[in-house]
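Q: Structure file query28.pdb (PDB, C-alpha atoms) right here:
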```
ATOM      1  CA  MET I   1     -43.192 -29.221  29.807  1.00  0.00           C
ATOM      2  CA  THR I   2     -40.599 -29.971  27.098  1.00  0.00           C
ATOM      3  CA  LYS I   3     -38.401 -27.358  25.508  1.00  0.00           C
ATOM      4  CA  SER I   4     -38.450 -26.561  21.827  1.00  0.00           C
ATOM      5  CA  LEU I   5     -35.302 -26.972  19.767  1.00  0.00           C
ATOM      6  CA  LEU I   6     -35.079 -23.186  19.546  1.00  0.00           C
ATOM      7  CA  ASP I   7     -35.166 -22.938  23.332  1.00  0.00           C
ATOM      8  CA  TYR I   8     -32.177 -25.291  23.495  1.00  0.00           C
ATOM      9  CA  ALA I   9     -30.440 -23.083  20.922  1.00  0.00           C
ATOM     10  CA  PHE I  10     -31.191 -20.019  23.040  1.00  0.00           C
ATOM     11  CA  ASP I  11     -29.686 -21.756  26.079  1.00  0.00           C
ATOM     12  CA  CYS I  12     -26.553 -22.689  24.145  1.00  0.00           C
ATOM     13  CA  ILE I  13     -25.922 -19.221  22.775  1.00  0.00           C
ATOM     14  CA  SER I  14     -26.789 -17.581  26.103  1.00  0.00           C
ATOM     15  CA  GLN I  15     -24.119 -19.655  27.851  1.00  0.00           C
ATOM     16  CA  SER I  16     -21.498 -18.720  25.268  1.00  0.00           C
ATOM     17  CA  LYS I  17     -19.778 -15.345  25.336  1.00  0.00           C
ATOM     18  CA  GLU I  18     -18.936 -15.610  21.620  1.00  0.00           C
ATOM     19  CA  PRO I  19     -21.115 -16.292  18.562  1.00  0.00           C
ATOM     20  CA  VAL I  20     -21.736 -19.999  17.967  1.00  0.00           C
ATOM     21  CA  ASN I  21     -21.180 -21.806  14.689  1.00  0.00           C
ATOM     22  CA  PHE I  22     -24.313 -23.523  13.392  1.00  0.00           C
ATOM     23  CA  LYS I  23     -22.655 -26.954  13.379  1.00  0.00           C
ATOM     24  CA  ASP I  24     -21.782 -26.622  17.066  1.00  0.00           C
ATOM     25  CA  LEU I  25     -25.180 -25.153  17.858  1.00  0.00           C
ATOM     26  CA  TRP I  26     -26.987 -28.036  16.156  1.00  0.00           C
ATOM     27  CA  ALA I  27     -24.793 -30.612  17.926  1.00  0.00           C
ATOM     28  CA  TYR I  28     -25.687 -29.021  21.286  1.00  0.00           C
ATOM     29  CA  VAL I  29     -29.410 -28.932  20.454  1.00  0.00           C
ATOM     30  CA  VAL I  30     -29.432 -32.588  19.348  1.00  0.00           C
ATOM     31  CA  LYS I  31     -27.550 -33.702  22.460  1.00  0.00           C
ATOM     32  CA  GLU I  32     -29.638 -31.692  24.940  1.00  0.00           C
ATOM     33  CA  SER I  33     -32.991 -32.520  23.347  1.00  0.00           C
ATOM     34  CA  GLY I  34     -32.136 -36.220  23.171  1.00  0.00           C
ATOM     35  CA  ILE I  35     -33.348 -36.723  19.613  1.00  0.00           C
ATOM     36  CA  ASP I  36     -31.802 -39.576  17.660  1.00  0.00           C
ATOM     37  CA  GLU I  37     -29.659 -39.123  14.545  1.00  0.00           C
ATOM     38  CA  GLU I  38     -32.428 -40.131  12.142  1.00  0.00           C
ATOM     39  CA  LEU I  39     -34.861 -37.566  13.537  1.00  0.00           C
ATOM     40  CA  ALA I  40     -32.071 -34.973  13.698  1.00  0.00           C
ATOM     41  CA  ALA I  41     -31.374 -35.484   9.987  1.00  0.00           C
ATOM     42  CA  ARG I  42     -35.042 -34.862   9.204  1.00  0.00           C
ATOM     43  CA  LYS I  43     -35.338 -31.800  11.466  1.00  0.00           C
ATOM     44  CA  ILE I  44     -32.160 -29.873  10.682  1.00  0.00           C
ATOM     45  CA  SER I  45     -33.575 -27.911   7.740  1.00  0.00           C
ATOM     46  CA  SER I  46     -36.732 -26.841   9.570  1.00  0.00           C
ATOM     47  CA  PHE I  47     -34.625 -25.950  12.611  1.00  0.00           C
ATOM     48  CA  TYR I  48     -32.397 -23.729  10.452  1.00  0.00           C
ATOM     49  CA  THR I  49     -35.428 -22.039   8.901  1.00  0.00           C
ATOM     50  CA  ASN I  50     -36.996 -21.463  12.315  1.00  0.00           C
ATOM     51  CA  LEU I  51     -33.706 -20.113  13.633  1.00  0.00           C
ATOM     52  CA  MET I  52     -33.639 -17.605  10.782  1.00  0.00           C
ATOM     53  CA  LEU I  53     -37.199 -16.524  11.504  1.00  0.00           C
ATOM     54  CA  ASP I  54     -36.911 -16.330  15.288  1.00  0.00           C
ATOM     55  CA  GLY I  55     -36.322 -12.721  16.341  1.00  0.00           C
ATOM     56  CA  ARG I  56     -34.095 -13.732  19.253  1.00  0.00           C
ATOM     57  CA  PHE I  57     -31.284 -14.864  16.972  1.00  0.00           C
ATOM     58  CA  VAL I  58     -29.115 -13.169  14.383  1.00  0.00           C
ATOM     59  CA  THR I  59     -26.646 -14.552  11.875  1.00  0.00           C
ATOM     60  CA  LEU I  60     -23.310 -12.778  11.793  1.00  0.00           C
ATOM     61  CA  GLY I  61     -22.066 -14.324   8.578  1.00  0.00           C
ATOM     62  CA  GLU I  62     -19.876 -17.384   8.129  1.00  0.00           C
ATOM     63  CA  ASN I  63     -22.793 -19.367   9.625  1.00  0.00           C
ATOM     64  CA  ASN I  64     -22.163 -17.958  13.096  1.00  0.00           C
ATOM     65  CA  TRP I  65     -25.139 -17.172  15.300  1.00  0.00           C
ATOM     66  CA  ASP I  66     -25.656 -14.954  18.305  1.00  0.00           C
ATOM     67  CA  LEU I  67     -28.445 -13.387  20.298  1.00  0.00           C
ATOM     68  CA  ARG I  68     -29.911 -10.310  18.671  1.00  0.00           C
ATOM     69  CA  SER I  69     -30.005  -8.583  22.039  1.00  0.00           C
ATOM     70  CA  ARG I  70     -26.185  -8.506  22.100  1.00  0.00           C
ATOM     71  CA  HIS I  71     -25.915  -6.474  18.914  1.00  0.00           C
ATOM     72  CA  SER I  72     -26.973  -2.988  17.909  1.00  0.00           C
ATOM     73  CA  PHE I  73     -29.572  -2.587  15.230  1.00  0.00           C
ATOM     74  CA  ASP I  74     -27.085  -0.946  12.870  1.00  0.00           C
ATOM     75  CA  LYS I  75     -24.690  -3.881  13.093  1.00  0.00           C
ATOM     76  CA  VAL I  76     -27.207  -6.597  12.240  1.00  0.00           C
ATOM     77  CA  HIS I  77     -29.750  -4.755  10.102  1.00  0.00           C
ATOM     78  CA  ILE I  78     -29.635  -5.401   6.373  1.00  0.00           C
ATOM     79  CA  ASP I  79     -30.902  -2.457   4.375  1.00  0.00           C
ATOM     80  CA  MET I  80     -32.988  -3.942   1.586  1.00  0.00           C
ATOM     81  CA  LYS I  81     -32.240  -0.919  -0.603  1.00  0.00           C
ATOM     82  CA  ASP I  82     -28.631  -2.107  -0.731  1.00  0.00           C
ATOM     83  CA  VAL I  83     -29.700  -5.636  -1.633  1.00  0.00           C
ATOM     84  CA  TYR I  84     -31.959  -4.453  -4.447  1.00  0.00           C
ATOM     85  CA  ALA I  85     -29.347  -1.967  -5.683  1.00  0.00           C
ATOM     86  CA  THR I  86     -26.855  -4.823  -6.061  1.00  0.00           C
ATOM     87  CA  VAL I  87     -29.410  -6.926  -7.932  1.00  0.00           C
ATOM     88  CA  ASP I  88     -30.278  -4.011 -10.216  1.00  0.00           C
ATOM     89  CA  GLU I  89     -26.593  -3.432 -11.022  1.00  0.00           C
ATOM     90  CA  GLU I  90     -26.135  -7.092 -11.922  1.00  0.00           C
ATOM     91  CA  GLU I  91     -29.211  -7.066 -14.111  1.00  0.00           C
ATOM     92  CA  ALA I  92     -28.118  -3.852 -15.806  1.00  0.00           C
ATOM     93  CA  SER I  93     -24.770  -5.304 -16.807  1.00  0.00           C
ATOM     94  CA  GLY I  94     -26.365  -8.561 -17.969  1.00  0.00           C
ATOM     95  CA  GLU I  95     -23.122  -9.584 -19.702  1.00  0.00           C
ATOM     96  CA  ASP I  96     -22.705 -12.823 -17.790  1.00  0.00           C
ATOM     97  CA  GLU I  97     -26.284 -13.821 -18.456  1.00  0.00           C
ATOM     98  CA  ASP I  98     -25.902 -13.135 -22.186  1.00  0.00           C
ATOM     99  CA  GLU I  99     -22.816 -15.355 -22.381  1.00  0.00           C
ATOM    100  CA  ASP I 100     -24.487 -18.090 -20.335  1.00  0.00           C
ATOM    101  CA  GLU I 101     -27.580 -17.934 -22.515  1.00  0.00           C
ATOM    102  CA  LYS I 102     -25.544 -18.152 -25.731  1.00  0.00           C
ATOM    103  CA  GLU I 103     -23.625 -21.150 -24.395  1.00  0.00           C
ATOM    104  CA  TYR I 104     -26.864 -22.848 -23.355  1.00  0.00           C
ATOM    105  CA  ASN I 105     -28.554 -22.215 -26.695  1.00  0.00           C
ATOM    106  CA  LYS I 106     -25.616 -23.655 -28.665  1.00  0.00           C
ATOM    107  CA  ALA I 107     -26.740 -27.121 -27.714  1.00  0.00           C
ATOM    108  CA  PHE I 108     -30.075 -26.580 -29.415  1.00  0.00           C
ATOM    109  CA  GLU I 109     -28.896 -24.907 -32.604  1.00  0.00           C
ATOM    110  CA  GLU I 110     -29.099 -26.845 -35.839  1.00  0.00           C
ATOM    111  CA  PRO I 111     -25.733 -27.830 -37.279  1.00  0.00           C
ATOM    112  CA  LYS I 112     -24.294 -25.429 -39.820  1.00  0.00           C
ATOM    113  CA  GLU I 113     -23.763 -26.471 -43.438  1.00  0.00           C
ATOM    114  CA  GLU I 114     -20.056 -26.969 -42.758  1.00  0.00           C
ATOM    115  CA  ASP I 115     -20.884 -29.408 -39.982  1.00  0.00           C
ATOM    116  CA  GLU I 116     -23.323 -31.258 -42.240  1.00  0.00           C
ATOM    117  CA  SER I 117     -20.762 -31.619 -45.020  1.00  0.00           C
ATOM    118  CA  GLU I 118     -18.230 -32.962 -42.518  1.00  0.00           C
ATOM    119  CA  GLU I 119     -20.795 -35.491 -41.312  1.00  0.00           C
ATOM    120  CA  GLU I 120     -21.549 -36.515 -44.902  1.00  0.00           C
ATOM    121  CA  THR I 121     -17.835 -36.949 -45.602  1.00  0.00           C
ATOM    122  CA  GLU I 122     -17.441 -39.115 -42.514  1.00  0.00           C
ATOM    123  CA  GLU I 123     -20.464 -41.203 -43.543  1.00  0.00           C
ATOM    124  CA  ASN I 124     -19.064 -41.667 -47.061  1.00  0.00           C
ATOM    125  CA  GLU I 125     -15.691 -42.733 -45.655  1.00  0.00           C
ATOM    126  CA  CYS I 126     -17.386 -45.285 -43.416  1.00  0.00           C
ATOM    127  CA  GLU I 127     -19.404 -46.639 -46.325  1.00  0.00           C
ATOM    128  CA  GLU I 128     -16.267 -46.913 -48.474  1.00  0.00           C
ATOM    129  CA  GLU I 129     -14.433 -48.786 -45.700  1.00  0.00           C
ATOM    130  CA  GLN I 130     -17.357 -51.174 -45.314  1.00  0.00           C
ATOM    131  CA  HIS I 131     -17.478 -51.705 -49.090  1.00  0.00           C
ATOM    132  CA  GLU I 132     -13.730 -52.458 -49.189  1.00  0.00           C
ATOM    133  CA  ASP I 133     -14.091 -54.961 -46.362  1.00  0.00           C
ATOM    134  CA  ARG I 134     -16.626 -56.948 -48.386  1.00  0.00           C
TER     135      ARG I 134
END
```
Hey, can you dump this file as structure tokens for me?
A:
Amino acid sequence: MTKSLLDYAFDCISQSKEPVNFKDLWAYVVKESGIDEELAARKISSFYTNLMLDGRFVTLGENNWDLRSRHSFDKVHIDMKDVYATVDEEEASGEDEDEDEKEYNKAFEEPKEEDESEEETEENECEEEQHEDR
């Protein structure tokens, strides 16, 4: 019976006394599973997703991973109320979004009359230069 990539990850982290960086974890999994570089490049994103979803593992920030069993619930639990409170505060301020939206919309605004008169002046100057050249 062959091991899954997550089982190799479990072995790697179990052998380590410290959290393991994802880069090092992935290198271990690729080496131990014997998959080639091409297949590894195609599988890395699904491996990362599965690692996130597997209840045996926990991310400790800075892309470091450890076994959930080594950490108390309070240390690794993310209270979703805090996440939504942060989002609500950002939405309430909305200042950054307003500035970004104004900047974005500038590109689609019609030129002002001043801009049009400048363009007309430039066109007239070009026509005069062409006429003089003839």
Q: Would you work out the distance separating CA of Ile35 (chain I) from CA of Thr59 (chain I), expressed in Å to one decimal?
A: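 Taking CA of Ile35 (chain I) and CA of Thr59 (chain I), their separation equals 24.4 Å.
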Q: Could you tell me how far CA of Leu6 (chain I) sits from CA of Val29 (chain I), in Å to one decimal place?
A: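 Going from CA of Val29 (chain I) over to CA of Leu6 (chain I), I get 8.1 Å.
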Q: Taking the file as shown, find all residues satisfying the PyMOL selection byres ((chain I and resi 57) around 9) and write them as a tab-separated table (two decimals) with C-alpha atoms, in the frame of the given file.
A:
```
chain	number	residue	atom	x	y	z
I	10	PHE	CA	-31.19	-20.02	23.04
I	51	LEU	CA	-33.71	-20.11	13.63
I	52	MET	CA	-33.64	-17.60	10.78
I	53	LEU	CA	-37.20	-16.52	11.50
I	54	ASP	CA	-36.91	-16.33	15.29
I	55	GLY	CA	-36.32	-12.72	16.34
I	56	ARG	CA	-34.10	-13.73	19.25
I	58	VAL	CA	-29.12	-13.17	14.38
I	59	THR	CA	-26.65	-14.55	11.88
I	65	TRP	CA	-25.14	-17.17	15.30
I	66	ASP	CA	-25.66	-14.95	18.30
I	67	LEU	CA	-28.44	-13.39	20.30
I	68	ARG	CA	-29.91	-10.31	18.67
I	69	SER	CA	-30.00	-8.58	22.04
```
Q: On this file, the PyMOL selection byres ((chain I and resi 4) around 12) gives some set of residues; write that set as a PyMOL selection string.
A: chain I and resi 1-3+5-11+29-30+32-35+47+50-51
Q: Using CA of Phe22 (chain I) and CA of Asn64 (chain I) as the two end points, give the distance in Å to one decimal.
A: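 Between these atoms lies a distance of 6.0 Å.
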Q: Given the choices I:Gly61, I:Lys17, I:Cys12, I:Asn105, which gets closest to Lys31 (chain I) if the distance is worked out from only C-alpha atoms?
A: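 Smallest distance to Lys31 (chain I) is found for I:Cys12.
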